[in-house]
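Visitor: Sharing protein36.txt, compact mmCIF, C-alpha atoms:
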```
# COMPACT_ATOMS: atom_id res chain seq x y z
CA MET A 1 50.23 47.69 91.73
CA THR A 2 50.83 45.26 88.86
CA LEU A 3 47.14 45.26 87.94
CA VAL A 4 47.09 49.07 87.88
CA LEU A 5 50.12 49.13 85.57
CA LEU A 6 48.53 46.59 83.24
CA LEU A 7 45.29 48.59 83.11
CA ALA A 8 47.21 51.80 82.44
CA SER A 9 49.16 50.10 79.68
CA ALA A 10 45.96 48.78 78.10
CA GLN A 11 44.33 52.21 78.21
CA ALA A 12 47.39 53.82 76.66
CA GLY A 13 47.08 51.51 73.61
CA PRO A 14 49.93 49.94 71.59
CA GLN A 15 53.29 51.61 71.93
CA PRO A 16 54.96 52.82 68.71
CA GLN A 17 57.66 50.47 67.47
CA PRO A 18 61.16 51.92 67.16
CA GLN A 19 62.07 52.65 63.56
CA PRO A 20 65.13 50.90 62.14
CA PRO A 21 68.08 53.20 61.54
CA ALA A 22 68.21 54.74 58.08
CA LEU A 23 70.58 53.01 55.69
CA PRO A 24 73.46 54.99 54.17
CA THR A 25 72.97 56.26 50.65
CA LEU A 26 75.45 55.35 47.91
CA THR A 27 75.88 58.07 45.29
CA LEU A 28 77.09 57.57 41.74
CA ALA A 29 80.32 59.42 42.56
CA ASP A 30 80.90 57.08 45.52
CA ALA A 31 80.46 54.05 43.26
CA GLU A 32 82.89 55.44 40.66
CA ARG A 33 85.54 56.25 43.30
CA SER A 34 85.20 52.77 44.77
CA ALA A 35 85.69 51.18 41.35
CA HIS A 36 88.81 53.28 40.73
CA ALA A 37 90.24 52.17 44.06
CA HIS A 38 89.16 48.52 44.30
CA GLN A 39 88.16 47.07 40.91
CA PRO A 40 90.62 44.18 40.26
CA GLN A 41 90.45 44.60 36.48
CA LEU A 42 91.67 48.18 36.79
CA LEU A 43 94.35 47.24 39.33
CA GLN A 44 95.58 44.54 36.95
CA ALA A 45 95.71 46.98 34.04
CA ARG A 46 97.75 49.44 36.13
CA SER A 47 100.20 46.68 37.05
CA LEU A 48 100.59 45.72 33.40
CA SER A 49 101.33 49.37 32.56
CA SER A 50 104.02 49.48 35.25
CA ALA A 51 105.53 46.26 33.91
CA ALA A 52 105.57 47.65 30.35
CA SER A 53 107.28 50.82 31.56
CA ALA A 54 109.88 48.70 33.35
CA ARG A 55 110.49 46.71 30.14
CA ALA A 56 111.17 49.99 28.34
CA ASP A 57 113.81 50.82 30.95
CA GLU A 58 115.27 47.33 30.47
CA ALA A 59 115.54 47.95 26.71
CA ARG A 60 117.43 51.20 27.38
CA ALA A 61 120.05 49.51 29.57
CA PRO A 62 122.34 48.29 26.71
CA LEU A 63 122.74 51.90 25.53
CA LEU A 64 124.28 52.96 28.85
CA PRO A 65 127.79 52.16 30.17
CA GLN A 66 128.14 48.76 31.81
CA VAL A 67 130.41 48.52 34.86
CA GLN A 68 131.26 45.25 36.59
CA GLY A 69 133.40 44.56 39.61
CA THR A 70 134.77 41.14 40.60
CA ALA A 71 136.61 39.74 43.57
CA ALA A 72 137.89 36.17 43.82
CA TYR A 73 139.83 34.14 46.33
CA GLU A 74 141.35 30.81 45.40
CA ARG A 75 143.15 28.17 47.45
CA SER A 76 144.68 25.53 45.23
CA THR A 77 147.66 23.31 44.56
CA GLY A 78 150.34 24.53 42.18
CA ASN A 79 151.37 21.34 40.38
CA TYR A 80 152.66 22.01 36.87
CA VAL A 81 151.14 20.12 33.95
CA ALA A 82 153.04 20.16 30.69
CA ARG A 83 150.99 20.34 27.53
CA PRO A 84 152.35 18.84 24.32
CA GLY A 85 153.53 21.60 22.01
CA ALA A 86 153.35 24.29 24.67
CA LEU A 87 157.17 24.38 25.24
CA PRO A 88 160.03 24.21 22.75
CA SER A 89 161.89 20.93 22.57
CA THR A 90 165.06 22.68 23.77
CA VAL A 91 163.48 23.58 27.07
CA ALA A 92 164.16 21.12 29.86
CA ARG A 93 161.13 19.12 30.73
CA THR A 94 162.00 18.33 34.28
CA VAL A 95 158.72 18.36 36.08
CA PRO A 96 158.64 18.23 39.88
CA SER A 97 156.58 15.58 41.56
CA PRO A 98 152.96 16.54 42.36
CA SER A 99 152.32 17.80 45.88
CA TRP A 100 149.27 18.49 48.06
CA ALA A 101 150.77 21.79 49.14
CA THR A 102 148.34 24.68 48.56
CA SER A 103 148.70 28.43 48.28
CA ASP A 104 146.46 31.50 48.23
CA TYR A 105 145.58 33.57 45.18
CA PHE A 106 143.61 36.82 45.18
CA ASN A 107 142.15 38.47 42.08
CA PHE A 108 140.27 41.78 41.98
CA GLY A 109 138.92 43.28 38.78
CA LEU A 110 136.92 46.22 37.48
CA THR A 111 135.56 46.30 33.91
CA ALA A 112 133.67 49.04 32.06
CA SER A 113 132.16 48.70 28.58
CA GLN A 114 130.16 50.90 26.26
CA LEU A 115 128.26 50.09 23.07
CA VAL A 116 129.34 52.57 20.41
CA TRP A 117 127.14 51.67 17.44
CA ASP A 118 125.10 48.69 16.31
CA PHE A 119 123.21 50.20 13.37
CA GLY A 120 120.24 51.20 15.55
CA GLN A 121 119.47 47.75 16.96
CA SER A 122 119.56 48.70 20.65
CA SER A 123 118.13 52.21 20.24
CA GLY A 124 115.36 50.82 18.01
CA ARG A 125 114.44 48.19 20.59
CA TRP A 126 114.26 50.93 23.22
CA ARG A 127 111.92 53.08 21.11
CA ALA A 128 109.80 50.02 20.30
CA ALA A 129 109.56 49.17 24.01
CA GLN A 130 108.51 52.75 24.75
CA ALA A 131 105.77 52.51 22.12
CA SER A 132 104.63 49.19 23.62
CA ALA A 133 104.49 50.83 27.04
CA GLY A 134 102.39 53.63 25.55
CA ALA A 135 100.05 51.05 24.02
CA GLN A 136 99.66 49.36 27.39
CA ARG A 137 98.86 52.68 29.05
CA GLU A 138 96.12 53.27 26.49
CA SER A 139 94.85 49.74 27.17
CA GLU A 140 94.74 50.67 30.84
CA TYR A 141 92.64 53.74 29.98
CA ALA A 142 90.36 51.53 27.86
CA THR A 143 89.90 49.21 30.84
CA GLU A 144 89.13 52.21 33.02
CA SER A 145 86.52 53.40 30.52
CA GLN A 146 84.88 49.96 30.42
CA VAL A 147 84.91 49.66 34.22
CA LEU A 148 83.32 53.10 34.50
CA LEU A 149 80.58 52.10 32.04
CA THR A 150 79.95 48.84 33.92
CA VAL A 151 79.68 50.64 37.27
CA ARG A 152 77.32 53.23 35.89
CA ALA A 153 75.11 50.62 34.23
CA ALA A 154 75.01 48.60 37.47
CA TYR A 155 74.23 51.74 39.49
CA PHE A 156 71.40 52.80 37.18
CA ASN A 157 70.02 49.27 37.21
CA ALA A 158 70.02 49.27 41.02
CA ARG A 159 68.35 52.67 41.03
CA ALA A 160 65.68 51.38 38.63
CA GLN A 161 65.07 48.33 40.82
CA ARG A 162 64.74 50.63 43.84
CA ASP A 163 62.13 52.68 42.01
CA LEU A 164 60.28 49.51 41.04
CA VAL A 165 60.16 48.58 44.73
CA ARG A 166 58.54 51.93 45.39
CA VAL A 167 56.01 51.30 42.60
CA ALA A 168 55.26 47.86 44.04
CA ARG A 169 54.73 49.31 47.51
CA GLU A 170 52.38 51.97 46.18
CA THR A 171 50.46 49.30 44.29
CA LEU A 172 50.21 47.14 47.43
CA ALA A 173 48.99 50.11 49.46
CA ASN A 174 46.33 50.87 46.82
CA GLN A 175 45.24 47.25 46.69
CA GLY A 176 44.99 47.23 50.49
CA ALA A 177 42.78 50.31 50.39
CA HIS A 178 40.65 48.74 47.66
CA LEU A 179 40.28 45.61 49.78
CA LYS A 180 38.98 47.59 52.75
CA GLN A 181 36.47 49.37 50.52
CA VAL A 182 35.25 46.11 49.03
CA GLU A 183 34.93 44.53 52.46
CA GLY A 184 32.68 47.44 53.54
CA PHE A 185 30.56 47.23 50.41
CA VAL A 186 30.15 43.45 50.74
CA ARG A 187 29.13 43.74 54.41
CA ALA A 188 26.61 46.41 53.38
CA GLY A 189 25.30 44.11 50.67
CA THR A 190 25.94 46.57 47.85
CA ARG A 191 28.61 44.39 46.21
CA PRO A 192 28.68 40.64 45.53
CA GLU A 193 30.99 38.24 47.40
CA ILE A 194 33.01 37.65 44.26
CA ASP A 195 34.32 41.21 44.42
CA LEU A 196 35.83 40.45 47.84
CA LEU A 197 37.55 37.34 46.52
CA GLN A 198 38.93 39.27 43.56
CA ALA A 199 40.16 42.10 45.82
CA ARG A 200 41.96 39.62 48.07
CA THR A 201 43.55 38.00 45.02
CA ASP A 202 44.72 41.37 43.70
CA ARG A 203 46.24 42.25 47.07
CA ALA A 204 48.03 38.89 47.28
CA ASN A 205 49.41 39.39 43.77
CA ALA A 206 50.64 42.84 44.77
CA GLN A 207 52.45 41.29 47.74
CA VAL A 208 54.16 38.80 45.44
CA GLN A 209 55.20 41.63 43.12
CA LEU A 210 56.68 43.55 46.06
CA ILE A 211 58.64 40.49 47.22
CA ASN A 212 60.02 39.96 43.72
CA ALA A 213 60.90 43.66 43.39
CA GLU A 214 62.72 43.70 46.74
CA ASN A 215 64.65 40.57 45.76
CA ALA A 216 65.60 42.13 42.41
CA TYR A 217 66.78 45.27 44.22
CA ALA A 218 68.97 43.21 46.56
CA THR A 219 70.42 41.32 43.60
CA ALA A 220 71.12 44.59 41.76
CA ARG A 221 73.05 45.92 44.76
CA ALA A 222 75.12 42.73 44.87
CA GLN A 223 75.91 43.20 41.17
CA LEU A 224 76.80 46.83 41.86
CA ASN A 225 79.23 45.71 44.57
CA GLN A 226 80.83 43.36 42.06
CA ALA A 227 81.16 46.17 39.51
CA MET A 228 82.79 48.38 42.17
CA GLY A 229 85.17 45.58 43.16
CA VAL A 230 83.81 45.52 46.71
CA ALA A 231 83.11 42.33 48.66
CA GLY A 232 81.15 44.11 51.38
CA SER A 233 77.61 44.41 52.61
CA THR A 234 74.70 45.51 50.45
CA GLU A 235 72.99 47.23 53.39
CA TYR A 236 72.72 50.61 51.74
CA GLU A 237 70.32 52.56 49.58
CA VAL A 238 71.12 53.66 46.05
CA GLY A 239 70.79 57.38 45.43
CA SER A 240 68.85 59.11 42.68
CA ASP A 241 71.89 60.33 40.71
CA THR A 242 71.73 60.48 36.95
CA LEU A 243 73.94 61.71 34.13
CA PRO A 244 73.44 65.23 32.76
CA PRO A 245 72.98 65.76 29.03
CA VAL A 246 76.11 64.94 27.05
CA ASP A 247 77.59 67.80 25.06
CA GLY A 248 76.83 67.04 21.43
CA GLU A 249 74.36 64.19 22.06
CA ASP A 250 72.02 65.65 19.43
CA ALA A 251 74.78 66.19 16.83
CA ALA A 252 75.28 64.09 13.72
CA VAL A 253 77.64 61.14 13.89
CA ASP A 254 80.09 62.75 11.45
CA ALA A 255 80.51 65.66 13.85
CA LEU A 256 81.30 63.33 16.77
CA LEU A 257 83.56 60.87 14.96
CA PRO A 258 86.78 62.99 14.94
CA GLU A 259 86.60 63.42 18.71
CA ALA A 260 86.15 59.68 19.19
CA GLU A 261 89.13 58.91 16.94
CA ARG A 262 91.28 61.31 18.97
CA ASN A 263 90.21 60.09 22.41
CA ARG A 264 89.24 56.43 22.22
CA PRO A 265 91.99 54.65 24.21
CA ASP A 266 91.44 51.28 22.55
CA LEU A 267 92.08 52.82 19.12
CA LEU A 268 95.12 54.70 20.40
CA ALA A 269 96.44 51.46 21.90
CA LEU A 270 96.25 49.72 18.52
CA GLU A 271 98.01 52.61 16.83
CA GLU A 272 100.82 52.48 19.41
CA GLN A 273 101.09 48.71 18.94
CA ALA A 274 101.49 49.21 15.20
CA ARG A 275 104.18 51.85 15.80
CA ALA A 276 105.99 49.52 18.20
CA GLN A 277 106.05 46.75 15.59
CA GLU A 278 107.29 49.17 12.95
CA LEU A 279 110.13 50.31 15.23
CA THR A 280 110.93 46.68 16.00
CA ALA A 281 111.27 45.93 12.29
CA THR A 282 113.63 48.90 11.89
CA ALA A 283 115.74 47.75 14.84
CA LEU A 284 115.95 44.20 13.52
CA GLN A 285 117.22 45.47 10.17
CA GLY A 286 120.30 46.70 12.04
CA GLY A 287 121.23 43.05 12.46
CA TYR A 288 122.55 43.07 8.89
CA GLY A 289 125.42 45.34 10.01
CA PRO A 290 128.20 45.04 12.59
CA ALA A 291 128.25 46.20 16.19
CA LEU A 292 131.13 48.21 17.67
CA GLY A 293 131.89 48.33 21.38
CA VAL A 294 134.74 49.44 23.62
CA SER A 295 135.74 48.22 27.05
CA THR A 296 138.43 48.76 29.63
CA GLY A 297 139.52 46.68 32.59
CA PHE A 298 141.71 46.90 35.65
CA THR A 299 142.93 43.90 37.66
CA ASP A 300 144.91 43.51 40.85
CA ALA A 301 146.03 39.96 41.61
CA GLY A 302 148.61 38.09 43.66
CA PRO A 303 149.26 35.30 46.14
CA SER A 304 148.52 37.55 49.13
CA LEU A 305 146.79 40.84 49.83
CA GLY A 306 150.14 42.50 50.45
CA SER A 307 151.81 41.36 47.26
CA THR A 308 149.25 41.91 44.48
CA VAL A 309 150.18 43.25 41.04
CA TRP A 310 147.89 45.45 38.95
CA ASN A 311 147.22 45.40 35.22
CA TRP A 312 145.13 47.53 32.89
CA ASN A 313 143.69 46.85 29.45
CA ALA A 314 141.57 48.55 26.79
CA THR A 315 139.70 46.72 24.04
CA ALA A 316 137.69 47.66 20.96
CA THR A 317 135.46 44.92 19.56
CA LEU A 318 133.77 44.77 16.17
CA THR A 319 131.19 41.98 15.89
CA TRP A 320 129.44 41.07 12.65
CA ASN A 321 127.06 38.16 12.28
CA LEU A 322 127.76 37.35 8.65
CA PHE A 323 125.27 34.50 8.36
CA GLN A 324 122.65 33.22 10.82
CA GLY A 325 120.60 30.99 8.57
CA GLY A 326 118.20 33.77 7.54
CA LEU A 327 117.24 34.63 11.15
CA THR A 328 117.39 38.42 10.72
CA ARG A 329 115.35 38.37 7.51
CA ALA A 330 112.66 36.21 9.10
CA GLN A 331 112.50 38.42 12.18
CA VAL A 332 112.09 41.54 10.03
CA GLU A 333 109.32 39.91 8.01
CA GLU A 334 107.52 38.85 11.19
CA ALA A 335 107.66 42.38 12.61
CA ARG A 336 106.35 43.86 9.35
CA ALA A 337 103.50 41.36 9.28
CA ASN A 338 102.64 42.23 12.88
CA THR A 339 102.62 45.91 11.90
CA SER A 340 100.15 45.26 9.08
CA ALA A 341 97.93 43.20 11.39
CA ALA A 342 97.86 45.92 14.04
CA ARG A 343 97.01 48.61 11.48
CA ALA A 344 94.24 46.44 10.02
CA GLN A 345 92.82 45.89 13.49
CA ALA A 346 92.86 49.64 14.05
CA GLU A 347 90.89 50.13 10.84
CA VAL A 348 88.33 47.57 12.00
CA LEU A 349 87.92 49.52 15.22
CA ARG A 350 87.53 52.79 13.31
CA LEU A 351 84.60 51.27 11.45
CA GLN A 352 83.17 50.08 14.76
CA LEU A 353 83.51 53.59 16.22
CA ARG A 354 80.91 54.93 13.82
CA VAL A 355 78.51 52.12 14.75
CA ASP A 356 79.07 52.69 18.48
CA LEU A 357 78.48 56.42 18.16
CA ASP A 358 75.39 56.00 16.01
CA GLN A 359 73.86 53.41 18.34
CA ALA A 360 74.54 55.46 21.47
CA ARG A 361 73.33 58.72 19.87
CA LEU A 362 70.11 57.12 18.58
CA ALA A 363 69.56 55.39 21.92
CA VAL A 364 69.78 58.75 23.71
CA ARG A 365 67.33 60.30 21.27
CA ALA A 366 64.86 57.43 21.65
CA ALA A 367 65.18 57.43 25.43
CA LYS A 368 64.47 61.16 25.66
CA SER A 369 61.40 60.79 23.48
CA SER A 370 60.11 57.77 25.37
CA LEU A 371 60.74 59.51 28.69
CA GLY A 372 58.30 62.29 27.82
CA ALA A 373 55.74 59.82 26.49
CA ALA A 374 56.11 57.60 29.58
CA GLY A 375 55.57 60.58 31.88
CA GLU A 376 52.42 61.56 30.03
CA ALA A 377 51.18 57.96 30.12
CA LEU A 378 51.69 57.83 33.89
CA VAL A 379 49.71 61.03 34.43
CA ASN A 380 46.83 59.67 32.36
CA ALA A 381 46.95 56.25 34.03
CA ARG A 382 46.80 57.78 37.50
CA GLU A 383 43.87 59.96 36.49
CA ARG A 384 42.13 56.88 35.08
CA LEU A 385 42.75 55.05 38.39
CA ARG A 386 41.36 57.99 40.36
CA GLN A 387 38.20 58.05 38.28
CA ALA A 388 37.82 54.26 38.45
CA GLU A 389 38.09 54.40 42.26
CA ARG A 390 35.47 57.15 42.36
CA ARG A 391 33.10 55.27 40.06
CA TYR A 392 33.47 52.13 42.15
CA GLN A 393 32.73 54.04 45.35
CA MET A 394 29.64 55.51 43.73
CA GLY A 395 28.47 52.04 42.69
CA VAL A 396 28.55 52.72 38.93
CA GLY A 397 31.88 51.03 38.18
CA SER A 398 32.97 47.43 38.37
CA LEU A 399 35.90 45.88 40.20
CA ILE A 400 37.23 44.71 36.85
CA ASP A 401 37.47 48.32 35.66
CA LEU A 402 39.20 49.23 38.92
CA GLY A 403 41.66 46.36 38.57
CA ASP A 404 42.43 47.28 34.97
CA ALA A 405 43.04 50.88 35.96
CA GLN A 406 45.37 49.80 38.78
CA LEU A 407 47.29 47.52 36.42
CA ALA A 408 47.61 50.32 33.86
CA ALA A 409 48.92 52.72 36.53
CA THR A 410 51.46 50.19 37.76
CA SER A 411 52.62 49.43 34.21
CA ALA A 412 52.92 53.13 33.37
CA ALA A 413 55.01 53.77 36.49
CA ALA A 414 57.31 50.84 35.63
CA GLN A 415 57.55 52.11 32.06
CA LEU A 416 58.70 55.50 33.30
CA VAL A 417 61.35 53.84 35.46
CA GLN A 418 62.56 51.88 32.43
CA ALA A 419 62.69 55.03 30.31
CA GLU A 420 64.82 56.82 32.93
CA TYR A 421 67.15 53.82 33.09
CA ASN A 422 67.46 53.73 29.29
CA LEU A 423 68.34 57.41 29.12
CA SER A 424 71.01 57.19 31.81
CA THR A 425 72.67 54.09 30.38
CA SER A 426 72.52 55.46 26.83
CA ARG A 427 74.34 58.61 27.91
CA ALA A 428 76.95 56.49 29.70
CA GLN A 429 77.48 54.49 26.50
CA LEU A 430 77.78 57.69 24.47
CA LEU A 431 80.46 59.01 26.84
CA ARG A 432 82.43 55.80 26.43
CA ALA A 433 82.01 55.85 22.65
CA LEU A 434 83.42 59.38 22.58
CA GLY A 435 86.33 58.42 24.84
CA ARG A 436 85.50 61.10 27.37
CA GLU A 437 86.11 61.05 31.13
CA VAL A 438 89.26 58.93 30.87
CA SER A 439 91.81 60.20 33.40
CA ARG A 440 95.13 60.16 31.57
CA GLY A 441 97.52 60.70 34.46
```
Kindly present the structure from the file in structure tokens form.
Guide:
Amino acid sequence: MTLVLLLASAQAGPQPQPQPPALPTLTLADAERSAHAHQPQLLQARSLSSAASARADEARAPLLPQVQGTAAYERSTGNYVARPGALPSTVARTVPSPSWATSDYFNFGLTASQLVWDFGQSSGRWRAAQASAGAQRESEYATESQVLLTVRAAYFNARAQRDLVRVARETLANQGAHLKQVEGFVRAGTRPEIDLLQARTDRANAQVQLINAENAYATARAQLNQAMGVAGSTEYEVGSDTLPPVDGEDAAVDALLPEAERNRPDLLALEEQARAQELTATALQGGYGPALGVSTGFTDAGPSLGSTVWNWNATATLTWNLFQGGLTRAQVEEARANTSAARAQAEVLRLQLRVDLDQARLAVRAAKSSLGAAGEALVNARERLRQAERRYQMGVGSLIDLGDAQLAATSAAAQLVQAEYNLSTSRAQLLRALGREVSRG
């Protein structure tokens, strides 16, 4: 029975190997959502925005009523200590002997105070803190824009490396077919032995190129995971997503510049920082004047809970720092200098905006032109390879011509992949330069 089964298995031929399960495909939208959810840089920026908002609330606190309650219990001796000058000389100074006897004392109090006016010091600090919080929010949006650009560039790079793997596989398959043809011609004696050696060399080189391409693809996926903020597996395939044409990508830079100045979060952050410093300087100038506050208090105290006595008070306080060694003047000068520095930095960025827009716009234009040329070159290179293969089969072409045609076809295919990558990344850079696709929540 065993022999019959072995014979039947041999007659049936080799059994087909089970195919490995298909890997999941990562789309560009998936990568962007993952970065929004997991990228540590973006999470840090959001935390800093929350902290800045909390500091603004802290700066508002002195403008609101302050209420404080106290409760104290004391157990102490009651020995009297006379202080020189505290009693008139006519008063008897008979002091009892000290004793270790102790007694209870309870004291409960409630105090409320309100700042009335301090020449805009507290309100100015609050407005300055609000402007600083706004600047931090714009910095968060700038981080989001940069993270989005990094993810897109990493995704398009991984997609390009995937396409280069496909090109390498096609090249290896062609070189394998060429090798079989050369082997047949050499056995038939119509081609010299050197052609067989060259064909084997070309196929081995194609295998090396495929190994390098697959390694580069794996590395690109690891870099994509890093850009997304994911420490997971790279066992997935990158999709074929790309960016659609950007509205206004063919317009002049002067037509795009106003939109960039309105939307770029890094520029808006600098403008808010300058406003915060200006408000700080105004608040500090209030230090030249006095501050007026009112307060009221209620106490209930006594030696026991059943024998306490209450008291009430109301107080108005006017405080004026007449001289602090030039502190207020120096603080105002510092804030004004910081304002000038922030505005100058904003002007530097405005000049850079034009350069960013021009570079991105020209890169898109060049990429679109090279994409069409690369596609035409690939069509011609493949036709050249087809004719070279036909001439070699007919015995009128050489293996060198065939190898050159194969190399030209491979280079043209890689050039097309590079052109597609350049176009996608250039459009991503143009979107960032314009300040688009920033989710201001």
Visitor: Env of stretch 393-401 of chain A: 9 Å cut, atoms = only C-alpha atoms, seq-sep filter 4 positions within chain, self excluded. Answer as a list in words.
Guide: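 My list of contacting residues is Gln181, Val182, Phe185, Thr190, Arg191, Asp195, Gln198, Ala199, Leu385, Ala388, Glu389, Ala405 and Gln406 of chain A.
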Visitor: Taking all atoms listed in the file into account, name the residue in A:Ile211, A:Leu353, A:Leu63, A:Val348 that is nearest to A:Ser123.
Guide: A:Leu63
Visitor: Between A:Val167, A:Ala45, A:Leu434, A:Val186, which has the minimum distance to A:Leu257 (counting all atoms listed in the file)?
Guide: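 Among the listed residues, the smallest separation from A:Leu257 belongs to A:Leu434.
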Visitor: Rounded to one decimal in Å, what is the spacing between atom CA of A:Ala59 and atom CA of A:Leu284?
Guide: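 These two atoms are separated by 13.7 Å.
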Visitor: I want to know what sits within 12 Å of A:Leu416, based on all atoms listed in the file, with residues of the same chain fewer than 2 positions away left out; could you give that as an mmCIF file with C-alpha atoms, in the coordinates of the input?
Guide:
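Result went into around.cif, see below:
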```cif
data_model
loop_
_atom_site.group_PDB
_atom_site.id
_atom_site.type_symbol
_atom_site.label_atom_id
_atom_site.label_comp_id
_atom_site.auth_asym_id
_atom_site.auth_seq_id
_atom_site.Cartn_x
_atom_site.Cartn_y
_atom_site.Cartn_z
ATOM 1 C CA ALA A 160 65.680 51.380 38.630
ATOM 2 C CA ASP A 163 62.130 52.680 42.010
ATOM 3 C CA LEU A 164 60.280 49.510 41.040
ATOM 4 C CA VAL A 167 56.010 51.300 42.600
ATOM 5 C CA ALA A 367 65.180 57.430 25.430
ATOM 6 C CA LYS A 368 64.470 61.160 25.660
ATOM 7 C CA SER A 369 61.400 60.790 23.480
ATOM 8 C CA SER A 370 60.110 57.770 25.370
ATOM 9 C CA LEU A 371 60.740 59.510 28.690
ATOM 10 C CA GLY A 372 58.300 62.290 27.820
ATOM 11 C CA ALA A 373 55.740 59.820 26.490
ATOM 12 C CA ALA A 374 56.110 57.600 29.580
ATOM 13 C CA GLY A 375 55.570 60.580 31.880
ATOM 14 C CA GLU A 376 52.420 61.560 30.030
ATOM 15 C CA ALA A 377 51.180 57.960 30.120
ATOM 16 C CA LEU A 378 51.690 57.830 33.890
ATOM 17 C CA VAL A 379 49.710 61.030 34.430
ATOM 18 C CA ALA A 381 46.950 56.250 34.030
ATOM 19 C CA ALA A 409 48.920 52.720 36.530
ATOM 20 C CA THR A 410 51.460 50.190 37.760
ATOM 21 C CA SER A 411 52.620 49.430 34.210
ATOM 22 C CA ALA A 412 52.920 53.130 33.370
ATOM 23 C CA ALA A 413 55.010 53.770 36.490
ATOM 24 C CA ALA A 414 57.310 50.840 35.630
ATOM 25 C CA GLN A 418 62.560 51.880 32.430
ATOM 26 C CA ALA A 419 62.690 55.030 30.310
ATOM 27 C CA GLU A 420 64.820 56.820 32.930
ATOM 28 C CA TYR A 421 67.150 53.820 33.090
ATOM 29 C CA ASN A 422 67.460 53.730 29.290
ATOM 30 C CA LEU A 423 68.340 57.410 29.120
#
```
